[in-house]
Amino acid sequence: MDRRMTIDRANLQALKLSEIRNSMTEFDLYLDLGGEIVPYANGPHCWSPDETEQLLQNGQFVLLYNRADADRVRHYLASRVDAPEKPHTDASHILADGISEFVKTLYAVRFPQEHYGLVKSLTLALDKFLQAYPQLSDLCLRLVQHDPYTFYHSARVAGYSVALGLALRGADEARLWDMAMGSFLHDLGNLSVPREILNHAGSLNDAEWDQIRQHPEEGLKLLEDVPLTRMVRDIIFYHHERLDGGGYPRRLRGSLISPELRIVSFADVYTALTVPRSYQKARTSVEAIQFIEDHLLKFLDPKILHAMRRLLTVEGGQLSQIAG
């Protein structure tokens, strides 16, 4: 369909194309075309690989659905757990799936409707840049093969960072670009950390922690030939610094940590709390916000916590229960 319609974007959430490929959906789906919402599939729709490929080629990384259908969508996704897709083995599809995760995360929070056009442009620019440098494509593919969690975690951190950046710093395109790109690449250095350490349950020994603490520097080394801004490189190198000076690698504290770094660091922690790992159960958005408030505010900026609360607030003053 190509008929435009008026719909409140706050009532929409996103599904990645990789979550619906080669299957039947039975709920209404929409596209965002140039800032306008277009009905795409009303009711039952059978998907084909060619259809999803065509959507990706046209810069459509997600399909949108009404929040009122959230239970039906969760049931649909749960029913597909036992039928996993064949994993992608080419970098272009890996990058598209990462960008899809970035967009899906943005649609999981609330930000002003007038910024959606900017977010769409940023998404396309991010995809274009990542695709333009074979070194980046290769590194992302290697990261997915080494530790899929790290790759998708980074895409989610980028989404939350952009949303928080809009809320706290306004529609500054250059600043948002730096936070999106820096977040997307911030954990590439995990390629140097053995998988068993990344997914280790329980306490790490000193030697293992030393390897973990080297990943920001290792990430910069991998990207030294890629034209990145100073802020992007700072995000990669300093994203584990903490306000009390207890972070790494330089033990920066207070005003030495820029607003952009504070935002990405908060998004990094929040994302880690809300996604399941081999050693921890995922917290709901409510639980994650409460945990940060109770235990982590000496490390993280409370202004960002308050902004995140606003981004997650829905009618009735509750927080949305965002799935990882």
# chains A, B, ... in the order shown; residues from 1 in each chain; ligands from 1
$ residues_around --residues "segment 37-46 of chain A" --least-positions-apart "4" --cutoff "6 Å" --atoms "only C-alpha atoms" --output "PyMOL selection string"
chain A and resi 1+4+23-32
$ closest_atom_pairs --of "segment 11-103 of chain A" --to "segment 156-178 of chain A" --cutoff "7 Å" --atoms "only C-alpha atoms" --output "Markdown table"
| residue | atom | partner | partner_atom | distance |
| --- | --- | --- | --- | --- |
| A:Glu101 | CA | A:Arg156 | CA | 6.2 |
| A:Phe102 | CA | A:Gly159 | CA | 4.8 |
| A:Val103 | CA | A:Gly159 | CA | 6.6 |
$ write_last_selection --atoms "N, CA and C atoms" --output "short mmCIF file (atom, residue, chain, number, x, y, z; two decimals), in the first residue's frame"
data_model
loop_
_atom_site.label_atom_id
_atom_site.label_comp_id
_atom_site.auth_asym_id
_atom_site.auth_seq_id
_atom_site.Cartn_x
_atom_site.Cartn_y
_atom_site.Cartn_z
N GLU A 101 18.97 -3.45 14.77
CA GLU A 101 18.92 -3.46 16.24
C GLU A 101 18.98 -2.04 16.79
N PHE A 102 19.80 -1.21 16.17
CA PHE A 102 19.90 0.21 16.53
C PHE A 102 18.54 0.90 16.40
N VAL A 103 17.87 0.69 15.26
CA VAL A 103 16.57 1.33 15.03
C VAL A 103 15.52 0.77 15.99
#
$ atom_distance --atom1 "atom CA of Ala78 of chain A" --atom2 "atom CA of Leu15 of chain A"
13.3 Å
$ residues_around --residues "Asp187 of chain A" --least-positions-apart "5" --cutoff "8 Å" --atoms "only C-alpha atoms" --output "list in words"
Thr150, Phe151, Ser154, His215, Pro216, Gly219 and Ile236 of chain A
$ residues_around --residues "Phe266 of chain A" --least-positions-apart "3" --cutoff "8 Å" --atoms "only C-alpha atoms" --output "PyMOL selection string"
chain A and resi 262-263+269-270+300-301+304-305
$ residues_around --residues "Tyr152 of chain A" --least-positions-apart "5" --cutoff "10 Å" --atoms "only C-alpha atoms" --output "list in words"
Ile94, Asp97, Gly98, Ile99, Ser100, Glu101, Phe102, Leu143, Val144, Asp147, Val157, Ala158, Phe184 and Gly324 of chain A
$ select_by_dssp --residues "segment 209-266 of chain A" --states "helix (DSSP H, G or I)" --output "PDB file with N, CA, C and O atoms, in the first residue's frame"
ATOM      1  N   TRP A 209      41.002 -10.074  34.348  1.00  0.00           N
ATOM      2  CA  TRP A 209      40.612  -8.668  34.390  1.00  0.00           C
ATOM      3  C   TRP A 209      41.569  -7.804  33.587  1.00  0.00           C
ATOM      4  O   TRP A 209      41.159  -6.832  32.936  1.00  0.00           O
ATOM      5  N   ASP A 210      42.855  -8.138  33.625  1.00  0.00           N
ATOM      6  CA  ASP A 210      43.830  -7.390  32.832  1.00  0.00           C
ATOM      7  C   ASP A 210      43.486  -7.464  31.343  1.00  0.00           C
ATOM      8  O   ASP A 210      43.589  -6.467  30.622  1.00  0.00           O
ATOM      9  N   GLN A 211      43.058  -8.631  30.889  1.00  0.00           N
ATOM     10  CA  GLN A 211      42.672  -8.760  29.482  1.00  0.00           C
ATOM     11  C   GLN A 211      41.430  -7.934  29.161  1.00  0.00           C
ATOM     12  O   GLN A 211      41.342  -7.289  28.114  1.00  0.00           O
ATOM     13  N   ILE A 212      40.466  -7.964  30.071  1.00  0.00           N
ATOM     14  CA  ILE A 212      39.254  -7.175  29.877  1.00  0.00           C
ATOM     15  C   ILE A 212      39.600  -5.683  29.779  1.00  0.00           C
ATOM     16  O   ILE A 212      39.093  -4.963  28.901  1.00  0.00           O
ATOM     17  N   ARG A 213      40.464  -5.214  30.662  1.00  0.00           N
ATOM     18  CA  ARG A 213      40.770  -3.782  30.737  1.00  0.00           C
ATOM     19  C   ARG A 213      41.576  -3.291  29.530  1.00  0.00           C
ATOM     20  O   ARG A 213      41.688  -2.080  29.317  1.00  0.00           O
ATOM     21  N   HIS A 215      40.699  -3.960  26.425  1.00  0.00           N
ATOM     22  CA  HIS A 215      39.915  -3.935  25.194  1.00  0.00           C
ATOM     23  C   HIS A 215      39.683  -2.538  24.619  1.00  0.00           C
ATOM     24  O   HIS A 215      39.584  -2.405  23.386  1.00  0.00           O
ATOM     25  N   PRO A 216      39.610  -1.465  25.417  1.00  0.00           N
ATOM     26  CA  PRO A 216      39.489  -0.148  24.779  1.00  0.00           C
ATOM     27  C   PRO A 216      40.700   0.214  23.914  1.00  0.00           C
ATOM     28  O   PRO A 216      40.550   0.701  22.781  1.00  0.00           O
ATOM     29  N   GLU A 217      41.896  -0.041  24.427  1.00  0.00           N
ATOM     30  CA  GLU A 217      43.101   0.249  23.651  1.00  0.00           C
ATOM     31  C   GLU A 217      43.200  -0.654  22.429  1.00  0.00           C
ATOM     32  O   GLU A 217      43.581  -0.208  21.334  1.00  0.00           O
ATOM     33  N   GLU A 218      42.825  -1.922  22.591  1.00  0.00           N
ATOM     34  CA  GLU A 218      42.855  -2.846  21.451  1.00  0.00           C
ATOM     35  C   GLU A 218      41.871  -2.412  20.373  1.00  0.00           C
ATOM     36  O   GLU A 218      42.130  -2.530  19.178  1.00  0.00           O
ATOM     37  N   GLY A 219      40.729  -1.886  20.793  1.00  0.00           N
ATOM     38  CA  GLY A 219      39.757  -1.397  19.831  1.00  0.00           C
ATOM     39  C   GLY A 219      40.295  -0.245  19.009  1.00  0.00           C
ATOM     40  O   GLY A 219      40.108  -0.186  17.788  1.00  0.00           O
ATOM     41  N   LEU A 220      40.979   0.698  19.667  1.00  0.00           N
ATOM     42  CA  LEU A 220      41.574   1.824  18.937  1.00  0.00           C
ATOM     43  C   LEU A 220      42.625   1.347  17.943  1.00  0.00           C
ATOM     44  O   LEU A 220      42.730   1.870  16.827  1.00  0.00           O
ATOM     45  N   LYS A 221      43.423   0.376  18.325  1.00  0.00           N
ATOM     46  CA  LYS A 221      44.443  -0.142  17.420  1.00  0.00           C
ATOM     47  C   LYS A 221      43.806  -0.716  16.157  1.00  0.00           C
ATOM     48  O   LYS A 221      44.312  -0.523  15.051  1.00  0.00           O
ATOM     49  N   LEU A 222      42.695  -1.417  16.314  1.00  0.00           N
ATOM     50  CA  LEU A 222      42.025  -2.017  15.157  1.00  0.00           C
ATOM     51  C   LEU A 222      41.488  -0.961  14.203  1.00  0.00           C
ATOM     52  O   LEU A 222      41.318  -1.224  13.013  1.00  0.00           O
ATOM     53  N   ARG A 230      37.625  12.733  16.716  1.00  0.00           N
ATOM     54  CA  ARG A 230      38.264  12.623  18.025  1.00  0.00           C
ATOM     55  C   ARG A 230      37.266  12.090  19.060  1.00  0.00           C
ATOM     56  O   ARG A 230      37.615  11.260  19.915  1.00  0.00           O
ATOM     57  N   MET A 231      36.014  12.567  18.997  1.00  0.00           N
ATOM     58  CA  MET A 231      35.026  12.123  19.966  1.00  0.00           C
ATOM     59  C   MET A 231      34.735  10.635  19.822  1.00  0.00           C
ATOM     60  O   MET A 231      34.591   9.919  20.820  1.00  0.00           O
ATOM     61  N   VAL A 232      34.646  10.137  18.598  1.00  0.00           N
ATOM     62  CA  VAL A 232      34.412   8.705  18.396  1.00  0.00           C
ATOM     63  C   VAL A 232      35.554   7.912  19.018  1.00  0.00           C
ATOM     64  O   VAL A 232      35.322   6.915  19.728  1.00  0.00           O
ATOM     65  N   ARG A 233      36.774   8.344  18.783  1.00  0.00           N
ATOM     66  CA  ARG A 233      37.926   7.636  19.359  1.00  0.00           C
ATOM     67  C   ARG A 233      37.930   7.731  20.888  1.00  0.00           C
ATOM     68  O   ARG A 233      38.282   6.771  21.579  1.00  0.00           O
ATOM     69  N   ASP A 234      37.512   8.877  21.419  1.00  0.00           N
ATOM     70  CA  ASP A 234      37.429   9.015  22.879  1.00  0.00           C
ATOM     71  C   ASP A 234      36.388   8.059  23.457  1.00  0.00           C
ATOM     72  O   ASP A 234      36.592   7.468  24.533  1.00  0.00           O
ATOM     73  N   ILE A 235      35.253   7.918  22.782  1.00  0.00           N
ATOM     74  CA  ILE A 235      34.213   7.000  23.265  1.00  0.00           C
ATOM     75  C   ILE A 235      34.740   5.571  23.301  1.00  0.00           C
ATOM     76  O   ILE A 235      34.514   4.833  24.267  1.00  0.00           O
ATOM     77  N   ILE A 236      35.451   5.181  22.259  1.00  0.00           N
ATOM     78  CA  ILE A 236      36.005   3.830  22.213  1.00  0.00           C
ATOM     79  C   ILE A 236      37.007   3.616  23.345  1.00  0.00           C
ATOM     80  O   ILE A 236      37.014   2.564  23.998  1.00  0.00           O
ATOM     81  N   PHE A 237      37.831   4.627  23.609  1.00  0.00           N
ATOM     82  CA  PHE A 237      38.914   4.463  24.575  1.00  0.00           C
ATOM     83  C   PHE A 237      38.463   4.672  26.025  1.00  0.00           C
ATOM     84  O   PHE A 237      38.950   4.008  26.943  1.00  0.00           O
ATOM     85  N   TYR A 238      37.506   5.581  26.250  1.00  0.00           N
ATOM     86  CA  TYR A 238      37.171   5.997  27.618  1.00  0.00           C
ATOM     87  C   TYR A 238      35.796   5.547  28.096  1.00  0.00           C
ATOM     88  O   TYR A 238      35.341   6.025  29.149  1.00  0.00           O
ATOM     89  N   GLY A 254      34.973  13.000  37.344  1.00  0.00           N
ATOM     90  CA  GLY A 254      34.247  14.255  37.309  1.00  0.00           C
ATOM     91  C   GLY A 254      34.233  14.953  35.963  1.00  0.00           C
ATOM     92  O   GLY A 254      33.890  14.378  34.937  1.00  0.00           O
ATOM     93  N   SER A 255      34.642  16.228  35.953  1.00  0.00           N
ATOM     94  CA  SER A 255      34.548  17.070  34.761  1.00  0.00           C
ATOM     95  C   SER A 255      35.459  16.625  33.624  1.00  0.00           C
ATOM     96  O   SER A 255      35.315  17.105  32.492  1.00  0.00           O
ATOM     97  N   LEU A 256      36.402  15.743  33.896  1.00  0.00           N
ATOM     98  CA  LEU A 256      37.264  15.235  32.831  1.00  0.00           C
ATOM     99  C   LEU A 256      36.521  14.276  31.903  1.00  0.00           C
ATOM    100  O   LEU A 256      37.015  13.941  30.831  1.00  0.00           O
ATOM    101  N   PRO A 259      30.201  15.128  28.539  1.00  0.00           N
ATOM    102  CA  PRO A 259      28.783  14.738  28.536  1.00  0.00           C
ATOM    103  C   PRO A 259      28.497  13.574  27.594  1.00  0.00           C
ATOM    104  O   PRO A 259      27.685  12.703  27.923  1.00  0.00           O
ATOM    105  N   GLU A 260      29.162  13.552  26.438  1.00  0.00           N
ATOM    106  CA  GLU A 260      28.940  12.460  25.487  1.00  0.00           C
ATOM    107  C   GLU A 260      29.415  11.123  26.056  1.00  0.00           C
ATOM    108  O   GLU A 260      28.728  10.099  25.928  1.00  0.00           O
ATOM    109  N   LEU A 261      30.564  11.137  26.711  1.00  0.00           N
ATOM    110  CA  LEU A 261      31.064   9.910  27.336  1.00  0.00           C
ATOM    111  C   LEU A 261      30.145   9.444  28.461  1.00  0.00           C
ATOM    112  O   LEU A 261      29.909   8.239  28.624  1.00  0.00           O
ATOM    113  N   ARG A 262      29.621  10.374  29.221  1.00  0.00           N
ATOM    114  CA  ARG A 262      28.703  10.012  30.304  1.00  0.00           C
ATOM    115  C   ARG A 262      27.453   9.335  29.751  1.00  0.00           C
ATOM    116  O   ARG A 262      26.947   8.367  30.325  1.00  0.00           O
ATOM    117  N   ILE A 263      26.948   9.871  28.642  1.00  0.00           N
ATOM    118  CA  ILE A 263      25.745   9.298  28.033  1.00  0.00           C
ATOM    119  C   ILE A 263      26.015   7.883  27.543  1.00  0.00           C
ATOM    120  O   ILE A 263      25.241   6.954  27.813  1.00  0.00           O
ATOM    121  N   VAL A 264      27.104   7.695  26.817  1.00  0.00           N
ATOM    122  CA  VAL A 264      27.416   6.364  26.288  1.00  0.00           C
ATOM    123  C   VAL A 264      27.681   5.381  27.421  1.00  0.00           C
ATOM    124  O   VAL A 264      27.239   4.222  27.374  1.00  0.00           O
ATOM    125  N   SER A 265      28.382   5.830  28.458  1.00  0.00           N
ATOM    126  CA  SER A 265      28.656   4.939  29.597  1.00  0.00           C
ATOM    127  C   SER A 265      27.364   4.498  30.267  1.00  0.00           C
ATOM    128  O   SER A 265      27.210   3.323  30.640  1.00  0.00           O
ATOM    129  N   PHE A 266      26.434   5.442  30.432  1.00  0.00           N
ATOM    130  CA  PHE A 266      25.143   5.083  31.030  1.00  0.00           C
ATOM    131  C   PHE A 266      24.410   4.093  30.132  1.00  0.00           C
ATOM    132  O   PHE A 266      23.881   3.079  30.612  1.00  0.00           O
TER     133      PHE A 266
END
$ closest_residue --among "A:Ile289, A:Leu77, A:Leu126, A:Leu204" --to "His306 of chain A" --atoms "only C-alpha atoms"
A:Ile289
$ atom_distance --atom1 "atom CA of Met179 of chain A" --atom2 "atom CA of Gln280 of chain A"
27.1 Å
$ closest_residue --among "A:Leu17, A:Leu191, A:Ala282, A:Cys140" --to "Gln54 of chain A" --atoms "only C-alpha atoms"
A:Leu17
$ select_by_dssp --residues "segment 19-230 of chain A" --states "strand (DSSP E or B)" --output "MDAnalysis selection string"
chainID A and resid 24:25 29:33 36:41 45:46 62:66
$ residues_around --residues "Ser92 of chain A" --least-positions-apart "4" --cutoff "9 Å" --atoms "only C-alpha atoms" --output "PyMOL selection string"
chain A and resi 96-97+131+137+141
